[in-house]
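In what follows, a single structure is set out as structure tokens and then discussed.
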Amino acid sequence: MKNHNNQTIKKVVILGGGTAGWMSASLMKKVIGAAVDIEVVESETIGTVGVGEATIPPIRIFNQVLGINEAEFIRETKATIKLGIEFENWKNIGERYLHSFGAPGRSSAFCQFHHYFKRAQQLGLKDSLWDYDLNALCAKAGKFAVINSKDPVLELPHAYHFDAGLYAKFLRKFSENIGVKRTEGLVEQVQQNKQTGYIEALVLKDGSVIEGDLFIDCSGMRALLIEDTLKTGYENWDHWLTCDSALAVPSERFDKTLPYTRSIAHSAGWQWRIPLQHRNGNGLVYSSAHFSDQQANDLLLSNLESKAIGEPKLFKFNVGRRKQQWHKNVVAVGLSSGFLEPLESTSIHLIQSAIVRLLHLFPHQGIADASVAEYNKQSQIEYEQIRDFIILHYHVQQRTDSDFWQYLRNMDIPATLQHKIQLFKESGRLFRDQNDLFLDASWLQVMVGQGIEPQDYHPIANNLSEAQLMDMLTRLKAIKHEPIPKLPSHDEFINKLCNR
Ligand SMILES: Cc1cc2nc3c(=O)[nH]c(=O)nc-3n(C[C@H](O)[C@H](O)[C@H](O)COP(=O)(O)OP(=O)(O)OC[C@H]3O[C@@H](n4cnc5c(N)ncnc54)[C@H](O)[C@@H]3O)c2cc1C
């Protein structure tokens, strides 16, 4: 296989000091820091996006690998606990469900829980799936603690809401302490090798030259290296995900902080509400074909429920992905690599998995075609799987109040998603595609929550007698409910960690 660059990679330059830049710097330094020098170049005059407050459970692995103490992290980033996302008005106005990080019930080796549940429903059971989900029960009760049990039925997976600006600062301090070099400066010019097109150096406004062997483009939506310089191209998905704008504004905190994100659909998009320790994060995601920025601004401010802190900040975005996320000696990480709206809080996770992927394929001995191709293949699959999951929310619904929802319900969807929905509708079967970030329990909750009723269940669920089935469900429900009265409230948990 052709090796484009026989030089060993000794110096990695990261352009950008947002969440992507500092997550990349900290993890790379921690894992391969003995072999490579790492320098972050960022410009305070440009600043960062600064939003990105809701995460998913793998962020905990990221922090653990860095050796970050959870209590310190929660204090420093003003974080709260996130057990899932509540979707309101998504299936239809007035209806709601939770996509929790947990899993309803307990599955057996060949038969997932929801097949037993479906049979029980046909026999007259009135419960909801979420009566058997510890995350959902704790979210609704506003409770949380780390449950130390080896029994998977009592797992309570969690992620965080945090202040993204504070997280980047936290990681910057961490990175600098372990030897990452930071340079403040505005990149004005990019030097490329005339023969290969490889990037050789960044030239800053003050004339200084930052040379490197491998460049990580964390310059945000500007995509200064991967697009402006290397012209990699972009695949647009706005025919499936038609929202192209967002307004974000913090507001004063509520007395009680919920341990979950709220996502409230409106006539042409949705609004998020994210509780932090010191404030609420709010934002309105919308389609500019249906709402002017002024209308969106008015809607957001009228739905806040607590006093706004400052003026809403406007974001315009293209939903889609960079055609090649690794090209020549540039790897795009973060917003430079693509954008999927924050409906399932996946952007920060995409940063994490991009760096992990790069570390697995790190070109210590020079950049080889096969590694680049593998990286790009995996990135494409990951983006497309998350895209499908987000489209599911918009496509499967019963709203008739606007053209926006009617279009989304009637549009053609990716064949991969069409197949998944059809399979579930016909037979209740769910299979996890290879390495899909979202497990069966996530697909199940959103499919059921958005209104898909499977026509059938797996016949293994008939192996129990009716009495055995009902007894199993009664015992399972009791096990799931049992810890809740003993748990502290979410606020008590946070206050204790923060010594308040
Ligand atoms: C409205 C909205 C809501 C979001 N909500 C969530 C969420 O809830 N959960 C989630 O996981 N993600 C969310 N995201 C995504 C998340 O904010 C980003 O993935 C994350 O912040 C990473 O951004 P970044 O570091 O790639 O880019 P940025 O934050 O834009 O950072 C870019 C960096 O590049 C530097 N830079 C750019 N040009 C130059 C130059 N010429 N010279 C020197 N430096 C330069 C800047 O100074 C900056 O440091 C949201 C995004 C948006 C737009």
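FYI, nothing fancy with the structure tokens labels: chains A, B, ... in order, residues from 1 per chain, ligands from 1 as they appear.
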
Write down as a PyMOL selection string the residues belonging to stretch 287-382 of chain A that are assigned strand (DSSP E or B) by DSSP computed on the backbone. chain A and resi 308+313-316+320-322+326-327+330-332+338-339+368

Output C-alpha atoms for every residue in the selection just made, as a compact mmCIF listing (two decimals), in the first residue's frame.
# COMPACT_ATOMS: atom_id res chain seq x y z
CA ALA A 308 -33.40 35.44 29.96
CA LYS A 313 -27.39 34.07 19.82
CA LEU A 314 -28.14 32.97 16.24
CA PHE A 315 -26.56 29.93 14.54
CA LYS A 316 -26.99 28.92 10.92
CA GLY A 320 -24.58 16.86 6.72
CA ARG A 321 -21.04 15.61 6.70
CA ARG A 322 -17.68 16.37 5.18
CA TRP A 326 -9.50 12.58 6.89
CA HIS A 327 -7.84 13.91 3.74
CA VAL A 330 -5.71 16.74 7.86
CA VAL A 331 -8.31 15.12 10.10
CA ALA A 332 -11.50 17.11 10.74
CA GLY A 338 -20.10 17.94 9.78
CA PHE A 339 -23.19 18.88 11.71
CA ALA A 368 -1.12 5.29 4.45

Need the shell around A:Ile56: protein/DNA/RNA residues with any atom at most 9 Å away, counting only C-alpha atoms. Skip same-chain ones fewer than 3 positions apart. Format as a ChimeraX atom specification? /A:59-60,82-84,101,158-160,344-346,348-349

Sort by chain and increasing residue number a table of all residues of stretch 105-132 of chain A within 12 Å of stretch 438-455 of chain A, each with its closest pair of atoms and their distance in Å to one decimal, counting only C-alpha atoms, and write it as a Markdown table.
| residue | atom | partner | partner_atom | distance |
| --- | --- | --- | --- | --- |
| A:Gly105 | CA | A:Ala441 | CA | 9.9 |
| A:Arg106 | CA | A:Ala441 | CA | 10.7 |
| A:Ser107 | CA | A:Ala441 | CA | 10.3 |
| A:Gln112 | CA | A:Asp440 | CA | 9.1 |
| A:Phe113 | CA | A:Ala441 | CA | 9.6 |
| A:His114 | CA | A:Leu444 | CA | 8.3 |
| A:His115 | CA | A:Pro454 | CA | 9.4 |
| A:Phe117 | CA | A:Pro454 | CA | 11.5 |
| A:Lys118 | CA | A:Pro454 | CA | 8.4 |
| A:Arg119 | CA | A:Gln455 | CA | 10.8 |
| A:Gln121 | CA | A:Glu453 | CA | 11.4 |
| A:Gln122 | CA | A:Gln455 | CA | 10.8 |
| A:Ser128 | CA | A:Val448 | CA | 10.2 |
| A:Leu129 | CA | A:Gln445 | CA | 8.2 |
| A:Trp130 | CA | A:Gln445 | CA | 8.6 |
| A:Tyr132 | CA | A:Gln445 | CA | 12.0 |

For the residues selected in the previous step, produce a file with C-alpha atoms as a PDB file, in the first residue's frame.
ATOM      1  CA  GLY A 105     -37.285  -4.528  31.759  1.00  0.00           C
ATOM      2  CA  ARG A 106     -34.831  -7.343  31.388  1.00  0.00           C
ATOM      3  CA  SER A 107     -34.235  -9.210  28.121  1.00  0.00           C
ATOM      4  CA  GLN A 112     -36.050  -8.857  24.194  1.00  0.00           C
ATOM      5  CA  PHE A 113     -38.221  -7.588  27.022  1.00  0.00           C
ATOM      6  CA  HIS A 114     -40.633  -5.684  24.804  1.00  0.00           C
ATOM      7  CA  HIS A 115     -41.923  -8.918  23.240  1.00  0.00           C
ATOM      8  CA  PHE A 117     -44.446  -6.738  27.357  1.00  0.00           C
ATOM      9  CA  LYS A 118     -46.377  -6.683  24.079  1.00  0.00           C
ATOM     10  CA  ARG A 119     -47.930 -10.049  24.852  1.00  0.00           C
ATOM     11  CA  GLN A 121     -50.489  -5.746  26.789  1.00  0.00           C
ATOM     12  CA  GLN A 122     -52.544  -7.948  24.501  1.00  0.00           C
ATOM     13  CA  SER A 128     -46.289   1.658  29.971  1.00  0.00           C
ATOM     14  CA  LEU A 129     -42.840   0.407  28.921  1.00  0.00           C
ATOM     15  CA  TRP A 130     -41.275   3.130  31.039  1.00  0.00           C
ATOM     16  CA  TYR A 132     -40.057  -0.917  33.876  1.00  0.00           C
TER      17      TYR A 132
END

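Using only C-alpha atoms, the shortest contact distance between A:Asp217 and any of A:Pro342, A:Leu15, A:Ala354, A:Asp151 is found at A:Leu15.
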
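Every protein, DNA or RNA residue with an atom at most 7 Å from A:Val333, where only C-alpha atoms count and chain neighbours fewer than 3 positions away do not, is listed here: Ala20, Ile216, Asp217, Cys218, Ser336, Ser337, Ile351 and Ala354 of chain A.
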
Residues just named, written with all heavy atoms as a short mmCIF file (atom, residue, chain, number, x, y, z; two decimals), in the first residue's frame:
data_model
loop_
_atom_site.label_atom_id
_atom_site.label_comp_id
_atom_site.auth_asym_id
_atom_site.auth_seq_id
_atom_site.Cartn_x
_atom_site.Cartn_y
_atom_site.Cartn_z
N ALA A 20 -13.96 20.69 20.65
CA ALA A 20 -13.27 19.70 19.82
C ALA A 20 -11.76 19.81 20.01
O ALA A 20 -11.07 18.79 20.15
CB ALA A 20 -13.65 19.88 18.36
N ILE A 216 -5.00 18.59 12.95
CA ILE A 216 -6.38 18.27 13.32
C ILE A 216 -7.17 19.56 13.15
O ILE A 216 -6.88 20.56 13.82
CB ILE A 216 -6.48 17.78 14.79
CG1 ILE A 216 -5.39 16.75 15.12
CG2 ILE A 216 -7.87 17.22 15.07
CD1 ILE A 216 -5.50 15.44 14.44
N ASP A 217 -8.15 19.52 12.26
CA ASP A 217 -8.93 20.73 12.00
C ASP A 217 -10.09 20.79 12.98
O ASP A 217 -11.10 20.10 12.83
CB ASP A 217 -9.45 20.71 10.54
CG ASP A 217 -10.13 22.03 10.18
OD1 ASP A 217 -10.38 22.84 11.08
OD2 ASP A 217 -10.40 22.23 8.97
N CYS A 218 -9.93 21.62 14.00
CA CYS A 218 -11.01 21.84 14.98
C CYS A 218 -11.43 23.30 14.90
O CYS A 218 -11.73 23.93 15.91
CB CYS A 218 -10.53 21.50 16.39
SG CYS A 218 -10.10 19.78 16.61
N SER A 336 -16.10 21.09 12.18
CA SER A 336 -15.48 21.12 10.85
C SER A 336 -15.75 19.82 10.08
O SER A 336 -15.62 19.78 8.87
CB SER A 336 -13.97 21.34 10.97
OG SER A 336 -13.38 20.21 11.57
N SER A 337 -16.15 18.76 10.81
CA SER A 337 -16.33 17.46 10.14
C SER A 337 -17.78 17.25 9.69
O SER A 337 -18.06 16.31 8.94
CB SER A 337 -15.93 16.33 11.10
OG SER A 337 -16.86 16.23 12.14
N ILE A 351 -17.10 13.98 18.52
CA ILE A 351 -15.71 14.43 18.72
C ILE A 351 -14.93 13.31 19.39
O ILE A 351 -13.85 12.91 18.96
CB ILE A 351 -15.68 15.70 19.63
CG1 ILE A 351 -16.40 16.87 18.98
CG2 ILE A 351 -14.25 16.06 20.01
CD1 ILE A 351 -16.60 18.08 19.89
N ALA A 354 -14.31 10.38 17.10
CA ALA A 354 -13.34 10.69 16.05
C ALA A 354 -11.91 10.58 16.60
O ALA A 354 -11.03 10.01 15.95
CB ALA A 354 -13.60 12.10 15.50
#

Find the residue from A:Gly185, A:Pro57, A:Pro157, A:Gly67 that sits nearest to ligand 1; use only C-alpha atoms and all ligand atoms when measuring.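 Once distances to ligand 1 are computed over only C-alpha atoms and all ligand atoms, the minimum belongs to A:Gly185.
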
Which one is closest to A:Ser267: A:Arg399, A:His490, A:Arg500, A:Arg357? Count only C-alpha atoms.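 Of the candidates, the smallest distance to A:Ser267 is held by A:Arg399.
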
For ligand 1, the closest of A:Gly428, A:Gly207, A:Gly281, A:Pro104 counting only C-alpha atoms and all ligand atoms is A:Gly281

Selected residue of minimal separation from ligand 1 among A:Ala25, A:Ile68, A:Leu137, A:Val187, counting only C-alpha atoms and all ligand atoms: A:Val187

Nearest to ligand 1 among A:Gln365, A:Asn499, A:Asn376, A:Thr229, with distances taken over only C-alpha atoms and all ligand atoms: which residue is it? A:Thr229

Can you build me a table of stretch 27-71 of chain A residues sitting at most 12 Å from stretch 245-252 of chain A, with the closest atom pair per residue and its distance in Å to one decimal, using only C-alpha atoms, sorted by chain and residue number, as CSV?
residue,atom,partner,partner_atom,distance
A:Val49,CA,A:Ala248,CA,10.6
A:Gly50,CA,A:Ala248,CA,10.0
A:Val51,CA,A:Ala248,CA,7.7
A:Gly52,CA,A:Ala248,CA,10.2
A:Glu53,CA,A:Pro250,CA,11.0

Take the residues from that selection and write them out as a PDB file, in the first residue's frame, keeping C-alpha atoms.
ATOM      1  CA  VAL A  49     -19.482  28.171  19.531  1.00  0.00           C
ATOM      2  CA  GLY A  50     -19.935  27.908  23.293  1.00  0.00           C
ATOM      3  CA  VAL A  51     -23.155  25.869  23.162  1.00  0.00           C
ATOM      4  CA  GLY A  52     -23.271  22.096  23.469  1.00  0.00           C
ATOM      5  CA  GLU A  53     -24.501  21.454  26.942  1.00  0.00           C
TER       6      GLU A  53
END

Could you pull the residues within 6 Å of A:Asn135, counting only C-alpha atoms, minus those fewer than 5 positions along the same chain, as a PyMOL selection string? chain A and resi 83+100+102+156

Just write the chosen residues, N, CA, C and O atoms, as a short mmCIF file (atom, residue, chain, number, x, y, z; two decimals), in the first residue's frame.
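File written: part31.cif
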data_model
loop_
_atom_site.label_atom_id
_atom_site.label_comp_id
_atom_site.auth_asym_id
_atom_site.auth_seq_id
_atom_site.Cartn_x
_atom_site.Cartn_y
_atom_site.Cartn_z
N LEU A 83 -30.36 11.80 32.68
CA LEU A 83 -30.77 10.39 32.60
C LEU A 83 -31.46 10.06 31.28
O LEU A 83 -31.77 8.90 31.00
N SER A 100 -34.80 7.32 27.51
CA SER A 100 -33.90 7.24 28.67
C SER A 100 -32.61 6.52 28.26
O SER A 100 -32.59 5.80 27.26
N GLY A 102 -31.45 4.20 29.95
CA GLY A 102 -31.57 2.85 30.49
C GLY A 102 -32.24 1.93 29.49
O GLY A 102 -32.33 2.22 28.30
N LEU A 156 -28.11 2.34 36.21
CA LEU A 156 -28.71 3.67 36.05
C LEU A 156 -27.73 4.53 35.25
O LEU A 156 -27.07 5.42 35.79
#

re atom CA of A:Ser208 and atom 42 (N, counted along the ligand's line) of ligand 1: distance 12.4 Å

Could you write out, as number ranges by chain, all the residues of stretch 179-370 of chain A that DSSP marks as helix (DSSP H, G or I)? A: 220-222, 224-229, 293-302, 334-337, 342-344, 347-360, 369-370

Within 9 Å of A:Lys169, counting only C-alpha atoms, which residues qualify if same-chain residues fewer than 3 places away don't, as a list in words? Gly18, Thr19, Trp22, Thr77, Ala164, Gly165, Leu166, Arg172, Lys173 and Phe174 of chain A

Please provide the set of residues having any atom within 8 Å of stretch 296-306 of chain A, restricted to only C-alpha atoms, with same-chain residues fewer than 6 positions apart removed, written as JSON, numbers by chain. {"A": [247, 251, 252, 253, 254, 271, 282, 283, 284, 286, 312]}

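The space separating atom CA of A:Asn329 from atom CA of A:Leu214 comes to 5.2 Å.
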
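When atom CA of A:Glu374 is paired with atom CA of A:Lys323, their separation reads 13.5 Å.
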